[in-house]
Structure formats: structure tokens, C-alpha cells
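Source file coords.txt; content: compact mmCIF, C-alpha atoms.
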```
# COMPACT_ATOMS: atom_id res chain seq x y z
CA MET E 67 87.23 65.38 -1.67
CA LYS E 68 90.71 65.08 -0.17
CA ILE E 69 92.83 68.04 -1.25
CA LEU E 70 96.53 68.86 -0.92
CA MET E 71 97.64 72.47 -1.27
CA PHE E 72 101.23 72.70 -2.49
CA GLY E 73 102.75 75.21 -0.08
CA ARG E 74 100.99 77.49 2.34
CA GLY E 75 101.19 80.68 0.31
CA VAL E 76 98.71 83.54 0.37
CA ILE E 77 96.54 82.16 -2.43
CA SER E 78 96.70 78.52 -1.36
CA ALA E 79 95.82 79.26 2.26
CA GLN E 80 92.80 81.40 1.47
CA TYR E 81 91.25 78.90 -0.93
CA ALA E 82 92.12 76.03 1.42
CA TYR E 83 90.19 77.76 4.20
CA VAL E 84 87.10 78.13 2.02
CA LEU E 85 87.28 74.59 0.62
CA GLU E 86 87.57 73.14 4.10
CA LYS E 87 84.56 75.18 5.25
CA ALA E 88 82.68 73.70 2.27
CA GLY E 89 83.22 70.23 3.71
CA HIS E 90 86.43 68.99 2.08
CA THR E 91 89.52 67.57 3.75
CA VAL E 92 92.40 69.96 3.12
CA GLU E 93 96.08 69.55 3.98
CA PHE E 94 99.27 71.42 3.07
CA TYR E 95 102.57 70.18 1.72
CA VAL E 96 105.38 72.44 3.02
CA ARG E 97 109.17 72.44 2.89
CA PRO E 98 111.03 70.75 5.76
CA GLY E 99 111.13 73.09 8.74
CA LYS E 100 108.06 75.09 7.64
CA LYS E 101 105.44 72.95 9.33
CA ALA E 102 102.99 74.75 11.63
CA ALA E 103 99.80 73.86 13.47
CA ALA E 104 97.82 76.99 12.61
CA ILE E 105 97.57 79.94 10.23
CA PRO E 106 96.46 83.34 11.60
CA LEU E 107 93.98 84.86 9.13
CA ASP E 108 92.75 88.41 8.59
CA ILE E 109 90.95 87.99 5.27
CA TYR E 110 87.85 88.84 3.29
CA ASP E 111 86.03 85.77 2.01
CA ARG E 112 83.87 87.12 -0.83
CA GLY E 113 83.16 90.28 1.11
CA LYS E 114 82.89 88.80 4.61
CA HIS E 115 85.67 89.87 6.96
CA ILE E 116 87.20 86.96 8.89
CA GLN E 117 89.76 87.15 11.69
CA THR E 118 90.68 83.81 13.17
CA THR E 119 93.49 81.42 13.97
CA TRP E 120 92.82 78.44 11.74
CA ARG E 121 94.02 75.02 12.83
CA VAL E 122 95.55 73.16 9.88
CA THR E 123 97.32 69.94 8.92
CA MET E 124 100.71 70.31 7.29
CA ARG E 125 103.08 67.62 6.06
CA GLU E 126 106.71 67.72 4.97
CA ASP E 127 106.67 64.60 2.80
CA LEU E 128 104.66 63.42 -0.19
CA PRO E 129 104.92 59.70 -0.97
CA PRO E 130 104.02 58.61 -4.52
CA ASP E 131 101.24 56.35 -3.19
CA HIS E 132 99.28 59.14 -1.47
CA ASP E 133 95.47 59.17 -1.62
CA TYR E 134 94.77 62.81 -2.48
CA ASP E 135 92.03 63.44 -5.05
CA LEU E 136 93.32 66.91 -5.95
CA ILE E 137 96.65 68.73 -5.67
CA VAL E 138 96.42 72.51 -6.00
CA VAL E 139 99.56 74.30 -7.21
CA SER E 140 99.54 78.07 -6.85
CA VAL E 141 103.10 79.39 -6.69
CA GLN E 142 105.04 82.27 -8.20
CA HIS E 143 105.47 81.69 -11.93
CA TYR E 144 109.25 81.72 -11.59
CA GLN E 145 109.04 78.84 -9.09
CA PHE E 146 106.69 76.68 -11.13
CA LYS E 147 109.18 74.58 -13.12
CA ASN E 148 110.90 73.39 -9.96
CA VAL E 149 107.54 72.50 -8.43
CA ALA E 150 106.53 70.59 -11.57
CA ALA E 151 109.78 68.64 -11.48
CA PHE E 152 109.20 67.76 -7.82
CA LEU E 153 105.63 66.59 -8.47
CA SER E 154 106.45 64.69 -11.67
CA GLY E 155 106.71 61.34 -9.89
CA LYS E 156 104.32 62.15 -7.07
CA ALA E 157 101.01 62.82 -8.82
CA GLY E 158 99.54 59.44 -7.92
CA ASN E 159 95.97 59.37 -9.20
CA ALA E 160 95.29 62.97 -8.20
CA THR E 161 94.11 65.70 -10.51
CA ILE E 162 96.61 68.57 -10.42
CA LEU E 163 95.00 72.00 -10.58
CA ILE E 164 97.55 74.48 -11.92
CA PHE E 165 96.26 77.68 -10.35
CA ASN E 166 98.96 79.96 -11.63
CA ASN E 167 100.21 82.93 -13.58
CA PHE E 168 102.35 82.27 -16.66
CA TRP E 169 104.21 84.33 -19.22
CA ASN E 170 105.97 81.47 -20.97
CA ASP E 171 103.96 78.70 -22.63
CA PRO E 172 102.03 77.02 -19.77
CA MET E 173 102.05 73.58 -21.35
CA THR E 174 105.82 73.74 -21.84
CA GLU E 175 106.28 74.83 -18.23
CA ALA E 176 104.15 71.87 -17.08
CA ALA E 177 105.74 69.30 -19.42
CA ALA E 178 107.08 67.24 -16.50
CA LEU E 179 103.56 66.57 -15.20
CA PRO E 180 101.10 63.95 -16.50
CA LYS E 181 99.11 65.88 -19.09
CA ASP E 182 95.93 63.84 -18.71
CA GLN E 183 95.77 64.65 -14.98
CA LEU E 184 95.96 68.43 -15.30
CA ALA E 185 93.34 71.12 -14.86
CA TRP E 186 94.07 74.79 -15.47
CA GLY E 187 92.73 77.73 -13.52
CA PHE E 188 93.52 81.16 -12.17
CA PRO E 189 92.63 82.51 -8.72
CA MET E 190 90.91 85.78 -7.94
CA ALA E 191 92.66 86.51 -4.67
CA ALA E 192 95.54 88.59 -3.32
CA GLY E 193 97.25 89.66 -0.14
CA GLY E 194 100.37 89.12 1.90
CA VAL E 195 101.77 88.10 5.26
CA ASP E 196 102.63 90.76 7.82
CA GLN E 197 105.62 90.85 10.18
CA ARG E 198 103.65 88.96 12.84
CA GLY E 199 102.89 86.14 10.42
CA VAL E 200 99.23 87.07 9.93
CA LEU E 201 97.89 86.36 6.45
CA LYS E 202 96.06 89.48 5.29
CA GLY E 203 94.20 89.20 2.03
CA ALA E 204 90.96 88.67 0.17
CA LEU E 205 89.45 86.25 -2.24
CA PHE E 206 86.61 87.12 -4.53
CA GLY E 207 83.57 85.31 -5.86
CA ARG E 208 84.84 84.34 -9.31
CA VAL E 209 87.45 81.84 -10.43
CA HIS E 210 88.92 81.54 -13.93
CA PHE E 211 89.27 78.16 -15.62
CA GLY E 212 90.48 77.40 -19.12
CA THR E 213 91.60 74.97 -21.74
CA PHE E 214 93.88 75.23 -24.75
CA GLY E 215 91.36 74.85 -27.55
CA THR E 216 89.90 71.59 -26.27
CA ALA E 217 86.77 70.63 -24.35
CA PRO E 218 87.25 70.17 -20.59
CA THR E 219 88.05 66.62 -19.55
CA ALA E 220 86.14 64.75 -16.87
CA ARG E 221 88.82 65.71 -14.36
CA GLU E 222 88.58 69.37 -15.32
CA ILE E 223 84.80 69.32 -15.06
CA ALA E 224 85.06 67.78 -11.59
CA VAL E 225 87.39 70.58 -10.44
CA ARG E 226 85.00 73.23 -11.78
CA GLN E 227 82.17 71.54 -9.91
CA LEU E 228 84.23 71.55 -6.71
CA PHE E 229 84.54 75.33 -6.89
CA LYS E 230 80.92 75.83 -7.95
CA SER E 231 79.69 73.77 -5.01
CA SER E 232 81.92 75.86 -2.73
CA GLY E 233 80.15 79.03 -3.82
CA PHE E 234 82.31 80.38 -6.66
CA LYS E 235 81.20 81.54 -10.08
CA ILE E 236 83.22 79.97 -12.90
CA LEU E 237 84.62 82.07 -15.75
CA GLU E 238 85.58 79.84 -18.70
CA HIS E 239 88.29 80.53 -21.30
CA LYS E 240 88.72 78.36 -24.39
CA ASP E 241 92.06 79.99 -25.24
CA PHE E 242 93.60 80.11 -21.79
CA LYS E 243 97.10 80.78 -23.05
CA THR E 244 95.97 84.05 -24.62
CA TRP E 245 94.07 85.08 -21.50
CA LEU E 246 97.11 84.40 -19.30
CA SER E 247 99.40 86.38 -21.61
CA ILE E 248 97.08 89.40 -21.51
CA HIS E 249 96.68 89.24 -17.75
CA PHE E 250 100.45 88.94 -17.21
CA LEU E 251 101.22 91.86 -19.50
CA VAL E 252 98.63 94.12 -17.82
CA ASN E 253 100.19 93.21 -14.49
CA ALA E 254 103.61 94.21 -15.79
CA GLY E 255 102.28 97.64 -16.76
CA LEU E 256 100.61 98.07 -13.38
CA LEU E 257 103.45 96.75 -11.26
CA SER E 258 106.13 98.77 -13.04
CA GLN E 259 104.26 101.84 -11.81
CA ALA E 260 104.04 100.37 -8.31
CA LEU E 261 107.85 100.28 -8.31
CA ARG E 262 107.90 103.99 -9.14
CA ALA E 263 105.18 104.86 -6.61
CA GLY E 264 106.71 102.79 -3.83
CA SER E 265 103.75 100.47 -3.26
CA LEU E 266 100.49 99.26 -4.79
CA GLY E 267 98.55 101.24 -2.23
CA LEU E 268 100.23 104.52 -3.16
CA LEU E 269 99.74 103.76 -6.84
CA LEU E 270 96.03 102.99 -6.61
CA SER E 271 95.23 106.05 -4.51
CA SER E 272 97.02 108.48 -6.85
CA LYS E 273 95.43 110.16 -9.88
CA GLU E 274 98.79 110.70 -11.54
CA HIS E 275 100.15 107.20 -10.98
CA GLY E 276 96.88 105.72 -12.21
CA GLN E 277 97.16 107.65 -15.45
CA GLN E 278 100.74 106.49 -15.89
CA VAL E 279 99.61 102.86 -15.58
CA VAL E 280 97.47 103.32 -18.69
CA LEU E 281 100.43 104.63 -20.66
CA ASN E 282 102.61 101.79 -19.36
CA VAL E 283 100.17 99.14 -20.53
CA ARG E 284 99.63 100.79 -23.91
CA GLU E 285 103.37 100.78 -24.50
CA LEU E 286 103.31 96.99 -24.09
CA PHE E 287 100.55 96.32 -26.64
CA PRO E 288 103.13 95.55 -29.40
CA VAL E 289 104.55 92.77 -27.20
CA LEU E 290 101.12 91.12 -27.24
CA GLN E 291 100.70 91.73 -30.93
CA GLN E 292 104.01 90.06 -31.81
CA ARG E 293 102.58 86.98 -30.12
CA GLY E 294 99.62 87.20 -32.48
CA ILE E 295 97.28 88.36 -29.70
CA LYS E 296 94.74 91.13 -30.21
CA VAL E 297 94.34 93.84 -27.60
CA GLN E 298 91.20 92.46 -25.96
CA GLY E 299 89.75 91.48 -22.60
CA GLU E 300 91.18 93.38 -19.65
CA ALA E 301 93.85 94.96 -21.88
CA ALA E 302 91.11 96.77 -23.82
CA LEU E 303 90.29 98.78 -20.69
CA PHE E 304 93.57 100.65 -21.21
CA LYS E 305 92.38 102.04 -24.52
CA LEU E 306 90.11 104.34 -22.50
CA PRO E 307 91.28 107.84 -21.50
CA PRO E 308 93.92 107.65 -18.76
CA SER E 309 91.98 110.01 -16.51
CA LEU E 310 88.92 107.74 -16.65
CA VAL E 311 90.86 104.55 -15.92
CA SER E 312 92.64 106.26 -13.04
CA LEU E 313 89.29 107.39 -11.62
CA LEU E 314 87.91 103.84 -11.89
CA MET E 315 90.91 102.40 -10.02
CA ARG E 316 90.69 104.99 -7.24
CA THR E 317 86.94 104.46 -6.92
CA VAL E 318 87.30 100.70 -6.54
CA MET E 319 90.10 101.23 -4.03
CA LYS E 320 87.89 103.58 -2.00
CA LEU E 321 84.60 101.66 -2.13
CA ASN E 322 85.75 98.03 -1.97
CA PRO E 323 87.33 97.23 1.42
CA ALA E 324 88.28 93.69 0.39
CA PHE E 325 90.14 94.92 -2.71
CA ARG E 326 91.85 97.62 -0.65
CA HIS E 327 92.80 95.18 2.12
CA SER E 328 94.31 92.66 -0.28
CA LEU E 329 96.44 95.14 -2.22
CA LEU E 330 97.57 97.28 0.70
CA ASN E 331 98.91 94.12 2.33
CA HIS E 332 100.72 92.71 -0.69
CA SER E 333 104.15 91.74 0.62
CA ASN E 334 106.18 90.09 -2.13
CA PRO E 335 108.49 92.60 -3.86
CA GLU E 336 110.19 89.83 -5.86
CA GLU E 337 106.85 88.98 -7.50
CA VAL E 338 106.41 92.61 -8.57
CA LYS E 339 109.88 92.73 -10.11
CA SER E 340 109.52 89.38 -11.87
CA PHE E 341 106.58 90.52 -14.01
CA CYS E 342 108.53 93.50 -15.22
CA ARG E 343 111.71 91.51 -15.85
CA ASP E 344 109.98 88.85 -17.94
CA VAL E 345 108.07 91.23 -20.20
CA LEU E 346 111.09 93.50 -20.57
CA ALA E 347 113.26 90.54 -21.59
CA GLU E 348 110.81 89.51 -24.31
CA ALA E 349 110.47 93.06 -25.61
CA LYS E 350 114.25 93.31 -25.89
CA SER E 351 114.55 89.94 -27.60
CA LYS E 352 111.95 91.00 -30.21
CA GLY E 353 113.42 94.45 -30.75
CA ILE E 354 110.34 96.23 -29.37
CA ALA E 355 111.01 99.63 -27.81
CA VAL E 356 109.52 99.91 -24.30
CA PRO E 357 111.23 102.97 -22.78
CA ARG E 358 108.75 103.29 -19.93
CA LEU E 359 109.36 99.71 -18.80
CA GLU E 360 113.07 100.08 -19.47
CA SER E 361 113.13 103.05 -17.08
CA VAL E 362 112.39 100.81 -14.09
CA ALA E 363 115.27 98.43 -14.89
CA SER E 364 117.29 99.85 -12.02
CA TYR E 365 114.58 98.63 -9.59
CA LEU E 366 114.79 95.06 -10.89
```

Let's see the structure in the file written out as C-alpha cells.
Amino acid sequence: MKILMFGRGVISAQYAYVLEKAGHTVEFYVRPGKKAAAIPLDIYDRGKHIQTTWRVTMREDLPPDHDYDLIVVSVQHYQFKNVAAFLSGKAGNATILIFNNFWNDPMTEAAALPKDQLAWGFPMAAGGVDQRGVLKGALFGRVHFGTFGTAPTAREIAVRQLFKSSGFKILEHKDFKTWLSIHFLVNAGLLSQALRAGSLGLLLSSKEHGQQVVLNVRELFPVLQQRGIKVQGEAALFKLPPSLVSLLMRTVMKLNPAFRHSLLNHSNPEEVKSFCRDVLAEAKSKGIAVPRLESVASYL
């Protein structure tokens, strides 16, 4: 399969590396002036530590008559609408995998794109780029895919098979919009505490900060409920005693080097702030009191 990664971000680059190793042709579309011949990697690929300088193909143009089979879009959620507008006349015959976080309605955000060419997924990867330009991160063995109450199309099935054949386990969600809302909200509760702690690493190694995360997420449950969403899935974890959840987070941080490596090297403060801003704005618009989230407003 011939694959184009939109941008050379942390998520895109790690999955591109794995997909190329699985035998696919992978290229990157980048903004003018961002083209490079290689990406230095210090990553964990499903537990295996890899340090290498990876030779890549990058391009700064995307003609409408391209021959890519798949375009993968994994960008910050606040950048997505601009990306969708750019790609609206450049999809060609490619399937577009939207590999993204969303707080607003995903289908509304993607309205500029050809609906019958879309597939929806969510990566299990994280990391950042250090001051020397080295990508430090990890990707894990599972990948989320979903639909919005419909059966997967032939294009969506083909994308799932691509990831299966590359060694990933597929987690399927029939109500992907609900799953994305829950995941985003949990992130807002977690990342608001990272702002207080100073970093994700300091948060996840601290008993006290870990307990505060639980209280942060619980405070946001009414925001989910006003959307008609039950507290379920990963949000249900935060019904457990704060001391237990904090212990679980610290244990994973201590025992899982890939998890630790990816989060200690997270390097996008704007992403952290954006989760908090978006959930806070909705809470305010619905008249829901969220004093804990409100208290980090000065960081945003």
C-alpha cells in the first residue's frame, strides 16, 4: 500500500516507521521549508527500544491526481479543520484515516472531506521531540477504530487489515463519538493537574498529584452527562478510590519503560492547555460548575 502521512508529527512518524517496516511505501507531506531527509528516532515500538536515524521521503506539494492509497491525518484537534479544508480537493481516490482526538462533533469537523472515503481511528502512542530534534516516544500494541453507529465500509475494513497485518491488535467502537468524548474529558482532568505539577512526569510520579487527578476527572462527569453520555469506559476508573488510582498510575510509570519514556518526553505545552480550554469552555456554556478546572485558567 502507498501511504501518505500528513505532517511529520510524533504520532505520524512513529506509525510511519512501523508501516514501512511492514512492507508499505510511506511518504510525508510537510509544509514548505520543513522538508528533511531523515528523522532521528529514540522510540519504543511495542516494547522494543529503537535508536536510529531513519531515512524518509518528504514532499511539500500534494497534487489532486496523486496515487496514494491511504492518507493518514493525525494532528492536534485544534488544527484539524484547517487540515480538512486543505485536503478537501486533494483526496484523490485515497482513503483518509482520521487518526485524531476530538472534543467537538468529529463528523462536523470533517465535513469538508469526502464522507465515503473516511476511516476513523485513534492512535496508542505518545512522545515529543527534544532540543536536538530527536523524536522520543513510544507506540503500543493496540489501535482504536470506530464508526458512528454503522457497519465498517470496505475502505474502513481495509485500513483495519493494514494495521492488523502490521502487528497491531484492533479495538473496535460502534459509538466512536462517545468514546472520543470520554477520552478527551479524562485527558482534560489529567492534563489540568500536569499544569499544576509542572510536567506529566512529575504528576505521574507523585502520590498527591495522582489523587488530585481523580478528583479533577470526577468534577467533569456532569459535562459528559449533559452530553447524554454515561460515566463508562476509561472514565469509570476514576470512580475508584483516589489512593488506588494514584498507586496504579505510579506503578505503571515505574514498571513500563515505554510508557515512562513517552510521557517524560512529551513536549507540546499548547496541546496540554487546549484540552483544558475546550472542556472549560463547554462547562461554562452549560452552566456547570468546575472550580478545579477553573483554577488552572491562569495557565491557559

Once you count only C-alpha atoms, which residues end up no further than 10 Å from (100.7, 97.3, -26.2) in the file's frame, shown as a PDB file with C-alpha atoms, in the coordinates of the input?
```pdb
ATOM      1  CA  ILE E 248      97.080  89.400 -21.510  1.00  0.00           C
ATOM      2  CA  LEU E 251     101.220  91.860 -19.500  1.00  0.00           C
ATOM      3  CA  VAL E 252      98.630  94.120 -17.820  1.00  0.00           C
ATOM      4  CA  GLY E 255     102.280  97.640 -16.760  1.00  0.00           C
ATOM      5  CA  LEU E 281     100.430 104.630 -20.660  1.00  0.00           C
ATOM      6  CA  ASN E 282     102.610 101.790 -19.360  1.00  0.00           C
ATOM      7  CA  VAL E 283     100.170  99.140 -20.530  1.00  0.00           C
ATOM      8  CA  ARG E 284      99.630 100.790 -23.910  1.00  0.00           C
ATOM      9  CA  GLU E 285     103.370 100.780 -24.500  1.00  0.00           C
ATOM     10  CA  LEU E 286     103.310  96.990 -24.090  1.00  0.00           C
ATOM     11  CA  PHE E 287     100.550  96.320 -26.640  1.00  0.00           C
ATOM     12  CA  PRO E 288     103.130  95.550 -29.400  1.00  0.00           C
ATOM     13  CA  VAL E 289     104.550  92.770 -27.200  1.00  0.00           C
ATOM     14  CA  LEU E 290     101.120  91.120 -27.240  1.00  0.00           C
ATOM     15  CA  GLN E 291     100.700  91.730 -30.930  1.00  0.00           C
ATOM     16  CA  GLN E 292     104.010  90.060 -31.810  1.00  0.00           C
ATOM     17  CA  LYS E 296      94.740  91.130 -30.210  1.00  0.00           C
ATOM     18  CA  VAL E 297      94.340  93.840 -27.600  1.00  0.00           C
ATOM     19  CA  ALA E 301      93.850  94.960 -21.880  1.00  0.00           C
ATOM     20  CA  ALA E 302      91.110  96.770 -23.820  1.00  0.00           C
ATOM     21  CA  PHE E 304      93.570 100.650 -21.210  1.00  0.00           C
ATOM     22  CA  LYS E 305      92.380 102.040 -24.520  1.00  0.00           C
ATOM     23  CA  VAL E 356     109.520  99.910 -24.300  1.00  0.00           C
TER      24      VAL E 356
END
```

Could you give me, as a PyMOL selection string, the residues that sit within 12 Å of (92.6, 106.5, -15.3) in the file's coordinates, counting all atoms listed in the file?
chain E and resi 256+269-283+303-318

Listing only residues of stretch 326-349 of chain E within 10 Å of stretch 156-176 of chain E, what is the closest atom pair and its distance in Å (to one decimal) for each, using all atoms listed in the file, sorted by chain and residue number ascending, as CSV?
```
residue,atom,partner,partner_atom,distance
E:Phe341,CA,E:Trp169,CA,8.4
E:Asp344,CA,E:Trp169,CA,7.4
E:Val345,CA,E:Trp169,CA,8.0
E:Glu348,CA,E:Trp169,CA,9.8
```

Nearest candidate to E:Val200 (options E:Ser361, E:Ser78, E:Gln117, E:Asn334; using only C-alpha atoms)
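Comparing E:Ser361, E:Ser78, E:Gln117, E:Asn334 against E:Val200, the winner is E:Gln117.
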
Quick check, in Å to one decimal: how far apart do atom CA of E:Gly89 and atom CA of E:Leu184 lie?
23.0 Å

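Using all atoms listed in the file for every distance, the candidate list E:Leu330, E:Leu205, E:Leu128, E:Ile116 yields E:Leu128 as the residue closest to E:Tyr95.
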
For E:Ser328, list every protein, DNA or RNA residue within 12 Å, evaluated using all atoms listed in the file, and leave out those in the same chain fewer than 3 positions away; present the list as number ranges by chain.
E: 76-77, 80, 108-113, 115, 190-196, 201-206, 266-267, 319, 322-325, 331-333

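The nearest approach to E:Val139 among the residues E:Lys235, E:Arg326, E:His249, E:Arg74, with all atoms listed in the file taken into account, belongs to E:Arg74.
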
Which residues are near E:Val209? Cut-off 7 Å, all atoms listed in the file, ignore same chain within fewer than 3 positions. Put them as a VMD selection string.
chain E and resid 188 to 190 234 to 237

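Separating atom CA of E:Arg121 from atom CA of E:Lys87 is a distance of 12.1 Å.
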
To one decimal in Å, tell me the separation between atom CA of E:Gly75 and atom CA of E:Lys101.
12.6 Å

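Excluding stretch 215-231 of chain E itself and same-chain residues fewer than 2 positions from it, the residues having an atom within 6 Å of it are Ala185, Thr213, Gly233, Phe234, Lys240 and Asp241 of chain E, counting all atoms listed in the file.
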